[in-house]
file entry28.cif (mmCIF, C-alpha atoms)
data_protein
loop_
_atom_site.label_atom_id
_atom_site.label_comp_id
_atom_site.auth_asym_id
_atom_site.auth_seq_id
_atom_site.Cartn_x
_atom_site.Cartn_y
_atom_site.Cartn_z
CA MET Y 30 -16.08 -22.78 -103.86
CA GLU Y 31 -14.60 -19.86 -101.90
CA LYS Y 32 -15.47 -16.32 -102.92
CA VAL Y 33 -12.70 -14.01 -104.13
CA ILE Y 34 -12.51 -10.66 -102.32
CA PRO Y 35 -11.74 -7.57 -104.45
CA THR Y 36 -8.37 -5.87 -103.91
CA VAL Y 37 -6.94 -2.36 -103.91
CA THR Y 38 -3.38 -1.30 -104.77
CA LEU Y 39 -1.70 0.81 -102.08
CA SER Y 40 0.62 3.74 -102.84
CA SER Y 41 3.51 1.42 -101.90
CA GLY Y 42 2.55 -0.90 -104.76
CA SER Y 43 1.27 -3.66 -102.45
CA VAL Y 44 -2.10 -5.24 -103.18
CA MET Y 45 -4.52 -5.39 -100.24
CA PRO Y 46 -7.81 -7.33 -100.08
CA ILE Y 47 -10.69 -4.85 -99.57
CA LEU Y 48 -12.28 -6.95 -96.80
CA GLY Y 49 -10.15 -8.11 -93.89
CA MET Y 50 -10.73 -9.91 -90.62
CA GLY Y 51 -10.07 -8.02 -87.39
CA THR Y 52 -8.80 -9.79 -84.28
CA ALA Y 53 -9.47 -7.35 -81.42
CA ALA Y 54 -11.57 -9.40 -79.00
CA ASN Y 55 -13.08 -8.39 -75.67
CA PRO Y 56 -12.85 -10.47 -73.57
CA LEU Y 57 -9.69 -12.09 -74.97
CA VAL Y 58 -10.21 -15.45 -76.67
CA ASP Y 59 -8.24 -18.57 -75.87
CA SER Y 60 -5.62 -19.81 -78.29
CA GLU Y 61 -7.61 -22.71 -79.76
CA GLU Y 62 -10.77 -20.67 -80.37
CA GLY Y 63 -8.76 -17.89 -82.03
CA LYS Y 64 -6.75 -20.27 -84.18
CA LEU Y 65 -9.87 -22.13 -85.33
CA ALA Y 66 -11.52 -18.80 -86.29
CA ILE Y 67 -8.52 -17.83 -88.46
CA LEU Y 68 -8.43 -21.26 -90.13
CA ASN Y 69 -12.17 -21.09 -90.84
CA ALA Y 70 -11.72 -17.59 -92.26
CA ILE Y 71 -8.96 -18.80 -94.60
CA LYS Y 72 -11.16 -21.71 -95.72
CA THR Y 73 -13.97 -19.21 -96.39
CA GLY Y 74 -11.72 -17.04 -98.55
CA TYR Y 75 -10.31 -14.36 -96.24
CA ARG Y 76 -6.69 -13.43 -96.95
CA HIS Y 77 -6.35 -10.13 -95.03
CA PHE Y 78 -5.88 -10.33 -91.24
CA ASP Y 79 -5.54 -7.32 -88.96
CA THR Y 80 -3.98 -7.51 -85.52
CA ALA Y 81 -1.96 -5.35 -83.11
CA ALA Y 82 0.56 -5.77 -80.33
CA VAL Y 83 -2.04 -4.71 -77.74
CA TYR Y 84 -4.66 -7.26 -78.92
CA GLN Y 85 -2.57 -10.16 -77.52
CA PHE Y 86 -3.49 -12.11 -80.65
CA GLU Y 87 -0.25 -12.02 -82.67
CA GLU Y 88 0.98 -15.43 -81.47
CA ILE Y 89 -2.42 -17.03 -82.13
CA LEU Y 90 -2.45 -15.60 -85.66
CA GLY Y 91 1.08 -16.88 -86.25
CA GLU Y 92 0.11 -20.38 -85.11
CA ALA Y 93 -2.94 -20.34 -87.40
CA ILE Y 94 -0.86 -19.23 -90.40
CA ALA Y 95 1.64 -22.03 -89.77
CA GLU Y 96 -1.19 -24.57 -89.51
CA ALA Y 97 -2.89 -23.23 -92.67
CA LEU Y 98 0.37 -23.79 -94.57
CA GLN Y 99 0.77 -27.26 -93.09
CA LEU Y 100 -2.82 -28.20 -94.05
CA GLY Y 101 -2.38 -26.83 -97.56
CA LEU Y 102 -5.14 -24.20 -97.13
CA ILE Y 103 -2.63 -21.75 -98.60
CA LYS Y 104 0.48 -22.59 -100.61
CA SER Y 105 2.58 -19.71 -99.32
CA ARG Y 106 2.57 -16.97 -96.67
CA ASP Y 107 2.68 -14.52 -99.62
CA GLU Y 108 -1.01 -15.29 -100.26
CA LEU Y 109 -1.89 -13.47 -97.02
CA PHE Y 110 -1.96 -9.76 -96.15
CA ILE Y 111 -1.01 -9.28 -92.49
CA THR Y 112 -1.33 -5.98 -90.62
CA SER Y 113 -0.10 -5.17 -87.12
CA LYS Y 114 0.24 -1.94 -85.14
CA LEU Y 115 2.66 0.03 -82.97
CA TRP Y 116 1.29 0.73 -79.47
CA PRO Y 117 1.98 4.18 -77.89
CA CYS Y 118 4.49 2.74 -75.36
CA ASP Y 119 6.70 1.86 -78.35
CA ALA Y 120 6.00 5.06 -80.34
CA HIS Y 121 9.51 6.38 -79.71
CA PRO Y 122 12.18 6.50 -82.43
CA ASP Y 123 14.46 3.91 -80.77
CA ARG Y 124 11.62 1.49 -80.00
CA VAL Y 125 9.78 1.27 -83.35
CA ILE Y 126 12.02 -1.27 -85.09
CA PRO Y 127 12.37 -3.49 -81.98
CA ALA Y 128 8.58 -3.41 -81.55
CA LEU Y 129 8.04 -4.53 -85.14
CA ARG Y 130 10.67 -7.24 -84.81
CA ASN Y 131 8.85 -8.45 -81.70
CA SER Y 132 5.55 -8.60 -83.62
CA LEU Y 133 7.30 -10.64 -86.31
CA ARG Y 134 8.71 -13.01 -83.67
CA ASN Y 135 5.25 -13.42 -82.13
CA GLN Y 136 3.80 -14.34 -85.52
CA LYS Y 137 6.86 -16.31 -86.73
CA LEU Y 138 6.86 -14.18 -89.88
CA GLU Y 139 9.71 -12.65 -91.88
CA TYR Y 140 7.71 -9.55 -92.83
CA LEU Y 141 4.39 -7.77 -92.35
CA ASP Y 142 2.35 -6.42 -95.25
CA LEU Y 143 1.33 -3.31 -93.31
CA TYR Y 144 2.52 -1.72 -90.07
CA LEU Y 145 0.49 1.12 -88.54
CA ILE Y 146 0.99 3.69 -85.79
CA HIS Y 147 -2.00 2.68 -83.63
CA PHE Y 148 -2.84 6.15 -82.21
CA PRO Y 149 -1.33 9.64 -82.69
CA ILE Y 150 0.15 9.63 -79.19
CA SER Y 151 3.15 8.22 -77.34
CA ALA Y 152 3.29 6.81 -73.83
CA LYS Y 153 5.95 6.07 -71.27
CA PRO Y 154 7.57 2.75 -72.25
CA ALA Y 155 6.92 1.36 -68.75
CA ALA Y 156 3.15 1.65 -69.37
CA GLY Y 157 3.36 -1.43 -71.59
CA LEU Y 158 0.72 -3.03 -73.79
CA VAL Y 159 -2.39 -1.97 -71.86
CA PHE Y 160 -5.68 -0.30 -72.79
CA PRO Y 161 -6.60 2.15 -71.49
CA LEU Y 162 -3.18 3.66 -70.80
CA PRO Y 163 -2.64 5.36 -67.42
CA LYS Y 164 -3.28 9.10 -67.77
CA ASP Y 165 0.13 9.92 -66.27
CA ALA Y 166 1.82 7.84 -69.00
CA LEU Y 167 0.52 9.89 -71.95
CA LEU Y 168 3.18 11.80 -73.92
CA THR Y 169 3.40 13.94 -77.05
CA MET Y 170 4.54 11.96 -80.08
CA ASP Y 171 7.55 13.24 -82.01
CA TYR Y 172 5.91 12.62 -85.39
CA LYS Y 173 9.06 13.33 -87.40
CA SER Y 174 11.37 10.87 -85.65
CA VAL Y 175 8.74 8.17 -85.15
CA TRP Y 176 7.69 8.35 -88.80
CA ALA Y 177 11.35 8.21 -89.89
CA ALA Y 178 11.65 4.97 -87.88
CA MET Y 179 8.50 3.63 -89.56
CA GLU Y 180 10.07 4.43 -92.95
CA GLU Y 181 13.20 2.55 -91.88
CA CYS Y 182 11.01 -0.50 -91.14
CA GLN Y 183 9.86 -0.48 -94.75
CA LYS Y 184 13.37 0.11 -96.12
CA LEU Y 185 14.66 -2.85 -94.11
CA GLY Y 186 11.94 -5.08 -95.60
CA LEU Y 187 10.34 -5.76 -92.21
CA THR Y 188 7.05 -4.48 -93.64
CA LYS Y 189 5.94 -3.86 -97.21
CA SER Y 190 3.83 -0.80 -96.36
CA ILE Y 191 3.44 1.65 -93.49
CA GLY Y 192 0.54 3.78 -92.32
CA VAL Y 193 -1.38 5.19 -89.40
CA SER Y 194 -4.59 4.62 -87.47
CA ASN Y 195 -7.00 7.05 -85.78
CA PHE Y 196 -5.34 10.10 -87.39
CA SER Y 197 -7.38 13.24 -88.19
CA CYS Y 198 -6.96 15.19 -91.43
CA LYS Y 199 -4.69 17.67 -89.64
CA LYS Y 200 -2.45 15.00 -88.11
CA LEU Y 201 -2.29 13.17 -91.45
CA GLN Y 202 -1.23 16.42 -93.08
CA THR Y 203 1.59 16.71 -90.53
CA ILE Y 204 2.86 13.25 -91.51
CA LEU Y 205 2.53 14.01 -95.24
CA TYR Y 206 4.57 17.18 -94.79
CA ILE Y 207 7.53 15.36 -93.17
CA ALA Y 208 7.29 12.00 -94.97
CA ASN Y 209 9.67 10.58 -97.54
CA ILE Y 210 7.38 7.55 -97.75
CA PRO Y 211 3.76 8.71 -97.33
CA PRO Y 212 1.34 6.63 -95.25
CA ALA Y 213 -0.37 4.05 -97.44
CA VAL Y 214 -3.35 3.57 -95.11
CA ASN Y 215 -5.27 5.38 -92.36
CA GLN Y 216 -7.37 2.93 -90.35
CA VAL Y 217 -10.27 4.62 -88.56
CA GLU Y 218 -13.76 4.09 -87.19
CA MET Y 219 -16.31 4.34 -90.00
CA ASN Y 220 -19.92 3.16 -90.27
CA PRO Y 221 -23.36 4.61 -91.08
CA VAL Y 222 -23.47 6.29 -87.64
CA TRP Y 223 -19.94 7.76 -87.98
CA GLN Y 224 -19.53 8.40 -91.69
CA ASN Y 225 -16.23 10.29 -91.55
CA LEU Y 226 -16.75 11.81 -95.00
CA LYS Y 227 -14.30 14.71 -94.55
CA LEU Y 228 -11.52 12.25 -93.72
CA ARG Y 229 -12.59 9.96 -96.58
CA ASP Y 230 -12.27 12.85 -99.05
CA PHE Y 231 -8.91 13.98 -97.60
CA CYS Y 232 -7.46 10.47 -97.87
CA LYS Y 233 -8.73 10.02 -101.41
CA ALA Y 234 -7.18 13.35 -102.47
CA ASN Y 235 -3.83 12.23 -101.00
CA SER Y 236 -3.76 8.64 -102.33
CA ILE Y 237 -4.18 7.17 -98.83
CA ILE Y 238 -6.49 4.18 -98.51
CA LEU Y 239 -8.99 4.62 -95.72
CA THR Y 240 -9.71 1.38 -93.87
CA ALA Y 241 -12.84 1.21 -91.72
CA TYR Y 242 -12.90 -0.59 -88.39
CA SER Y 243 -16.10 -1.07 -86.36
CA PRO Y 244 -18.27 -0.98 -89.53
CA LEU Y 245 -21.12 -2.28 -87.36
CA GLY Y 246 -20.35 0.14 -84.53
CA GLY Y 247 -18.10 -2.10 -82.44
CA GLN Y 248 -21.08 -3.48 -80.52
CA GLY Y 249 -19.85 -5.17 -77.32
CA ALA Y 250 -16.37 -3.63 -77.46
CA PRO Y 251 -15.24 -1.17 -74.73
CA TRP Y 252 -15.21 1.61 -77.35
CA GLY Y 253 -18.33 0.54 -79.25
CA SER Y 254 -22.04 1.29 -79.08
CA ASN Y 255 -25.41 -0.07 -80.21
CA ALA Y 256 -26.14 3.04 -82.29
CA VAL Y 257 -25.58 1.33 -85.66
CA TYR Y 258 -27.86 -1.56 -84.78
CA GLU Y 259 -30.50 0.82 -83.44
CA ALA Y 260 -30.66 2.85 -86.69
CA GLN Y 261 -34.07 1.69 -87.91
CA VAL Y 262 -33.54 2.83 -91.50
CA LEU Y 263 -30.79 0.21 -91.91
CA HIS Y 264 -33.18 -2.57 -90.88
CA GLU Y 265 -35.78 -1.25 -93.35
CA ILE Y 266 -33.25 -1.24 -96.20
CA ALA Y 267 -32.13 -4.76 -95.29
CA GLU Y 268 -35.73 -6.00 -95.40
CA THR Y 269 -36.30 -4.39 -98.80
CA LYS Y 270 -33.04 -5.82 -100.18
CA GLY Y 271 -33.46 -9.28 -98.70
CA THR Y 272 -30.12 -8.91 -96.94
CA THR Y 273 -29.04 -8.64 -93.31
CA HIS Y 274 -28.61 -5.41 -91.36
CA ALA Y 275 -24.87 -6.12 -91.17
CA GLN Y 276 -24.60 -6.59 -94.94
CA VAL Y 277 -26.25 -3.19 -95.53
CA CYS Y 278 -23.68 -1.54 -93.23
CA LEU Y 279 -20.73 -3.30 -94.86
CA ARG Y 280 -22.00 -2.57 -98.36
CA TRP Y 281 -22.41 1.11 -97.45
CA VAL Y 282 -18.80 1.26 -96.22
CA TYR Y 283 -17.58 -0.51 -99.38
CA GLU Y 284 -19.46 1.96 -101.58
CA GLN Y 285 -17.55 4.83 -99.93
CA GLY Y 286 -14.44 3.59 -101.75
CA VAL Y 287 -12.71 2.38 -98.60
CA SER Y 288 -11.56 -1.01 -97.34
CA LEU Y 289 -13.08 -2.56 -94.24
CA LEU Y 290 -12.36 -4.88 -91.34
CA MET Y 291 -14.90 -7.19 -89.76
CA LYS Y 292 -14.32 -9.04 -86.51
CA SER Y 293 -16.47 -12.13 -86.31
CA PHE Y 294 -15.33 -15.56 -85.16
CA ASN Y 295 -18.68 -17.05 -86.23
CA GLU Y 296 -18.23 -19.05 -89.44
CA HIS Y 297 -21.74 -18.36 -90.73
CA ARG Y 298 -21.33 -14.59 -90.26
CA MET Y 299 -17.90 -14.72 -91.90
CA LYS Y 300 -19.58 -16.08 -95.03
CA GLU Y 301 -22.39 -13.50 -94.82
CA ASN Y 302 -19.84 -10.69 -94.55
CA MET Y 303 -18.33 -11.73 -97.88
CA MET Y 304 -21.69 -11.55 -99.68
CA ILE Y 305 -21.66 -7.78 -100.21
CA PHE Y 306 -19.92 -7.43 -103.56
CA ASP Y 307 -22.57 -8.47 -106.11
CA TRP Y 308 -25.36 -5.97 -105.31
CA GLU Y 309 -25.57 -2.26 -104.54
CA LEU Y 310 -27.53 0.32 -102.60
CA GLY Y 311 -29.90 2.60 -104.50
CA VAL Y 312 -29.63 6.40 -104.62
CA ASP Y 313 -32.64 6.80 -102.33
CA GLU Y 314 -31.21 4.29 -99.85
CA LEU Y 315 -27.87 6.13 -99.77
CA GLU Y 316 -29.78 9.36 -99.19
CA LYS Y 317 -31.61 7.85 -96.20
CA ILE Y 318 -28.33 6.59 -94.72
CA SER Y 319 -26.75 10.04 -95.14
CA LYS Y 320 -29.40 11.48 -92.79
CA ILE Y 321 -28.64 9.15 -89.85
CA PRO Y 322 -27.59 11.21 -86.78
CA GLN Y 323 -23.82 11.00 -86.27
CA SER Y 324 -21.80 10.01 -83.20
CA ARG Y 325 -18.39 8.43 -82.61
CA GLY Y 326 -18.15 5.07 -80.89
CA LEU Y 327 -14.50 5.52 -79.89
CA SER Y 328 -14.65 8.91 -78.18
CA GLY Y 329 -10.92 9.16 -77.55
CA ALA Y 330 -11.50 10.25 -73.94
CA VAL Y 331 -8.93 7.69 -72.73
CA PHE Y 332 -6.22 9.72 -74.50
CA VAL Y 333 -7.28 13.06 -73.03
CA SER Y 334 -5.94 14.37 -69.72
CA GLU Y 335 -5.50 17.69 -67.94
CA LEU Y 336 -2.13 16.60 -66.55
CA GLU Y 337 0.66 18.95 -67.60
CA ALA Y 338 2.62 16.41 -69.67
CA ALA Y 339 -0.46 15.15 -71.51
CA PRO Y 340 -0.50 16.19 -75.18
CA PHE Y 341 -4.29 16.47 -75.51
CA LYS Y 342 -6.37 18.31 -72.91
CA THR Y 343 -9.70 18.02 -74.81
CA LEU Y 344 -11.39 15.72 -77.32
CA GLU Y 345 -11.37 18.62 -79.80
CA GLU Y 346 -7.58 18.66 -79.61
CA PHE Y 347 -7.29 14.90 -80.02
CA TRP Y 348 -9.51 14.81 -83.10
CA ASP Y 349 -8.64 18.35 -84.32
CA GLY Y 350 -12.30 19.38 -84.21
CA GLU Y 351 -13.47 16.28 -86.15
CA VAL Y 352 -15.87 15.25 -83.38
#
call {"tool": "encode", "arguments": {"input": "entry28.cif", "output": "structure tokens"}}
result
Amino acid sequence: MEKVIPTVTLSSGSVMPILGMGTAANPLVDSEEGKLAILNAIKTGYRHFDTAAVYQFEEILGEAIAEALQLGLIKSRDELFITSKLWPCDAHPDRVIPALRNSLRNQKLEYLDLYLIHFPISAKPAAGLVFPLPKDALLTMDYKSVWAAMEECQKLGLTKSIGVSNFSCKKLQTILYIANIPPAVNQVEMNPVWQNLKLRDFCKANSIILTAYSPLGGQGAPWGSNAVYEAQVLHEIAETKGTTHAQVCLRWVYEQGVSLLMKSFNEHRMKENMMIFDWELGVDELEKISKIPQSRGLSGAVFVSELEAAPFKTLEEFWDGEV
């Protein structure tokens, strides 16, 4: 019998499963491997899937959803919560709606559940869907007009909710100041080695759900590190609890009152990742985790440039001092 994942209600009124499956893979996976992973995840009980235009996974996800319906694994697309993201090359007011429509075409869907601005930066459209972006393509985002276009996406019914990703408290405040529809979600790096507590508190105070990516540190990804795995205290807690190191990390994130995304195409680990909801960390264990030295995995250096047109000349500017 599949486990049921807890949910949270977004400010938009939509209901989002707390635990979702990420699809950013490095190197890229082939279509069959990716599709099989999504189908196995659905069989295991996952209903929340996170992708992005730049991941080159939208078509694979769409194929898997169609097959899951055909196989009767789900009765309706409405049982799923699908997130995708706007890449900086399309973060221009006239390109937002076409970009979302393109994501829908790729996935053969009529709507998304959540559409996010991927990073708080624009890029020359010619740069395309590449990571990292060329330094001479980086541009300042016009938050007001881009966010207005995001709001239009929701009004048109192309997405049920809108939000942002990798936004600092200060940049979130900018969006809140100009928004008619506030962001429902801010998706950011969060794990025991980058606890992001200031941002967690800011989001909570403003009814924005914080969603954690790289809850295990993004090990193996271009932006990730081994720091989470190397934190010995997490292994000690896992041994005491009779759980895995990964489960301790995921449980810690969950106990911060945020939602989380896990990227694993391994069926056994998918099941393990769901086994974090029926136990809890003790006060002394939380205290030990709070003392782990902090460092970001995703530094943001790829979005920093000293070129004149570049919006951010330093990491401090990109993260507004939250480094």
call {"tool": "closest_residue", "arguments": {"input": "entry28.cif", "among": "Y:Leu168, Y:Ile318, Y:Val352, Y:Leu98", "to": "Trp281 (chain Y)", "atoms": "only C-alpha atoms"}}
result
Y:Ile318
call {"tool": "resolve_selection", "arguments": {"input": "entry28.cif", "expression": "the PyMOL selection byres ((chain Y and resi 214-216) around 9)", "output": "PyMOL selection string"}}
result
chain Y and resi 39-40+143+145+147+190-196+201+212-213+217-218+232+236-242+289
call {"tool": "resolve_selection", "arguments": {"input": "entry28.cif", "expression": "the PyMOL selection byres ((chain Y and resi 144) around 12)", "output": "PyMOL selection string"}}
result
chain Y and resi 79-82+110-116+125-126+128-130+132-133+140-143+145-147+176+178-183+186-194+212-216
call {"tool": "residues_near_point", "arguments": {"input": "entry28.cif", "point": "(-19.0, 2.6, -95.2)", "cutoff": "6 Å", "atoms": "only C-alpha atoms", "output": "list in words"}}
result
Asn220, Trp281, Val282, Tyr283 and Gln285 of chain Y
call {"tool": "residues_around", "arguments": {"input": "entry28.cif", "residues": "Leu245 (chain Y)", "least_positions_apart": "2", "cutoff": "12 Å", "atoms": "all atoms listed in the file", "output": "PDB file with C-alpha atoms, keeping the file's coordinate frame"}}
result
ATOM      1  CA  GLU Y 218     -13.760   4.090 -87.190  1.00  0.00           C
ATOM      2  CA  MET Y 219     -16.310   4.340 -90.000  1.00  0.00           C
ATOM      3  CA  ASN Y 220     -19.920   3.160 -90.270  1.00  0.00           C
ATOM      4  CA  PRO Y 221     -23.360   4.610 -91.080  1.00  0.00           C
ATOM      5  CA  VAL Y 222     -23.470   6.290 -87.640  1.00  0.00           C
ATOM      6  CA  TRP Y 223     -19.940   7.760 -87.980  1.00  0.00           C
ATOM      7  CA  GLN Y 224     -19.530   8.400 -91.690  1.00  0.00           C
ATOM      8  CA  ALA Y 241     -12.840   1.210 -91.720  1.00  0.00           C
ATOM      9  CA  TYR Y 242     -12.900  -0.590 -88.390  1.00  0.00           C
ATOM     10  CA  SER Y 243     -16.100  -1.070 -86.360  1.00  0.00           C
ATOM     11  CA  GLY Y 247     -18.100  -2.100 -82.440  1.00  0.00           C
ATOM     12  CA  GLN Y 248     -21.080  -3.480 -80.520  1.00  0.00           C
ATOM     13  CA  GLY Y 249     -19.850  -5.170 -77.320  1.00  0.00           C
ATOM     14  CA  ALA Y 250     -16.370  -3.630 -77.460  1.00  0.00           C
ATOM     15  CA  GLY Y 253     -18.330   0.540 -79.250  1.00  0.00           C
ATOM     16  CA  SER Y 254     -22.040   1.290 -79.080  1.00  0.00           C
ATOM     17  CA  ASN Y 255     -25.410  -0.070 -80.210  1.00  0.00           C
ATOM     18  CA  ALA Y 256     -26.140   3.040 -82.290  1.00  0.00           C
ATOM     19  CA  VAL Y 257     -25.580   1.330 -85.660  1.00  0.00           C
ATOM     20  CA  TYR Y 258     -27.860  -1.560 -84.780  1.00  0.00           C
ATOM     21  CA  GLU Y 259     -30.500   0.820 -83.440  1.00  0.00           C
ATOM     22  CA  ALA Y 260     -30.660   2.850 -86.690  1.00  0.00           C
ATOM     23  CA  LEU Y 263     -30.790   0.210 -91.910  1.00  0.00           C
ATOM     24  CA  THR Y 273     -29.040  -8.640 -93.310  1.00  0.00           C
ATOM     25  CA  HIS Y 274     -28.610  -5.410 -91.360  1.00  0.00           C
ATOM     26  CA  ALA Y 275     -24.870  -6.120 -91.170  1.00  0.00           C
ATOM     27  CA  GLN Y 276     -24.600  -6.590 -94.940  1.00  0.00           C
ATOM     28  CA  VAL Y 277     -26.250  -3.190 -95.530  1.00  0.00           C
ATOM     29  CA  CYS Y 278     -23.680  -1.540 -93.230  1.00  0.00           C
ATOM     30  CA  LEU Y 279     -20.730  -3.300 -94.860  1.00  0.00           C
ATOM     31  CA  ARG Y 280     -22.000  -2.570 -98.360  1.00  0.00           C
ATOM     32  CA  TRP Y 281     -22.410   1.110 -97.450  1.00  0.00           C
ATOM     33  CA  VAL Y 282     -18.800   1.260 -96.220  1.00  0.00           C
ATOM     34  CA  LEU Y 289     -13.080  -2.560 -94.240  1.00  0.00           C
ATOM     35  CA  LEU Y 290     -12.360  -4.880 -91.340  1.00  0.00           C
ATOM     36  CA  MET Y 291     -14.900  -7.190 -89.760  1.00  0.00           C
ATOM     37  CA  LYS Y 292     -14.320  -9.040 -86.510  1.00  0.00           C
ATOM     38  CA  SER Y 293     -16.470 -12.130 -86.310  1.00  0.00           C
ATOM     39  CA  ASN Y 302     -19.840 -10.690 -94.550  1.00  0.00           C
ATOM     40  CA  GLY Y 326     -18.150   5.070 -80.890  1.00  0.00           C
TER      41      GLY Y 326
END
call {"tool": "atom_distance", "arguments": {"input": "entry28.cif", "atom1": "CA of Gln323 (chain Y)", "atom2": "CA of Cys198 (chain Y)"}}
result
18.1 Å
call {"tool": "atom_distance", "arguments": {"input": "entry28.cif", "atom1": "CA of Pro35 (chain Y)", "atom2": "CA of His264 (chain Y)"}}
result
25.9 Å
call {"tool": "resolve_selection", "arguments": {"input": "entry28.cif", "expression": "the PyMOL selection byres ((chain Y and resi 63-68) around 9)", "output": "short mmCIF file (atom, residue, chain, number, x, y, z; two decimals) with C-alpha atoms, keeping the file's coordinate frame"}}
result
data_model
loop_
_atom_site.label_atom_id
_atom_site.label_comp_id
_atom_site.auth_asym_id
_atom_site.auth_seq_id
_atom_site.Cartn_x
_atom_site.Cartn_y
_atom_site.Cartn_z
CA MET Y 50 -10.73 -9.91 -90.62
CA THR Y 52 -8.80 -9.79 -84.28
CA VAL Y 58 -10.21 -15.45 -76.67
CA ASP Y 59 -8.24 -18.57 -75.87
CA SER Y 60 -5.62 -19.81 -78.29
CA GLU Y 61 -7.61 -22.71 -79.76
CA GLU Y 62 -10.77 -20.67 -80.37
CA ASN Y 69 -12.17 -21.09 -90.84
CA ALA Y 70 -11.72 -17.59 -92.26
CA ILE Y 71 -8.96 -18.80 -94.60
CA LYS Y 72 -11.16 -21.71 -95.72
CA THR Y 73 -13.97 -19.21 -96.39
CA TYR Y 75 -10.31 -14.36 -96.24
CA PHE Y 78 -5.88 -10.33 -91.24
CA PHE Y 86 -3.49 -12.11 -80.65
CA ILE Y 89 -2.42 -17.03 -82.13
CA LEU Y 90 -2.45 -15.60 -85.66
CA GLY Y 91 1.08 -16.88 -86.25
CA GLU Y 92 0.11 -20.38 -85.11
CA ALA Y 93 -2.94 -20.34 -87.40
CA ILE Y 94 -0.86 -19.23 -90.40
CA GLU Y 96 -1.19 -24.57 -89.51
CA ALA Y 97 -2.89 -23.23 -92.67
CA LEU Y 102 -5.14 -24.20 -97.13
CA SER Y 293 -16.47 -12.13 -86.31
CA PHE Y 294 -15.33 -15.56 -85.16
CA ASN Y 295 -18.68 -17.05 -86.23
CA GLU Y 296 -18.23 -19.05 -89.44
#
call {"tool": "atom_distance", "arguments": {"input": "entry28.cif", "atom1": "CA of Lys104 (chain Y)", "atom2": "CA of Glu88 (chain Y)"}}
result
20.4 Å
call {"tool": "closest_residue", "arguments": {"input": "entry28.cif", "among": "Y:Phe160, Y:Lys153, Y:Pro46, Y:Val83", "to": "Glu108 (chain Y)", "atoms": "all atoms listed in the file"}}
result
Y:Pro46
call {"tool": "closest_residue", "arguments": {"input": "entry28.cif", "among": "Y:Lys173, Y:Leu162, Y:Glu335, Y:Lys317", "to": "Asn209 (chain Y)", "atoms": "only C-alpha atoms"}}
result
Y:Lys173
call {"tool": "closest_residue", "arguments": {"input": "entry28.cif", "among": "Y:Gln99, Y:Asp313, Y:Leu327, Y:Asp107", "to": "Ser43 (chain Y)", "atoms": "only C-alpha atoms"}}
result
Y:Asp107
call {"tool": "closest_residue", "arguments": {"input": "entry28.cif", "among": "Y:Lys184, Y:Leu310, Y:Glu87, Y:Ala338", "to": "Ala152 (chain Y)", "atoms": "only C-alpha atoms"}}
result
Y:Ala338
call {"tool": "closest_residue", "arguments": {"input": "entry28.cif", "among": "Y:Gly157, Y:Gly51, Y:Gly74, Y:Pro127", "to": "Met303 (chain Y)", "atoms": "only C-alpha atoms"}}
result
Y:Gly74
call {"tool": "axis_aligned_box", "arguments": {"input": "entry28.cif", "around": "region 244-247 of chain Y", "padding_each_side": "6 Å", "output": "JSON"}}
result
{"center_x": -19.6, "center_y": -1.1, "center_z": -86.0, "size_x": 15.0, "size_y": 14.4, "size_z": 19.1}
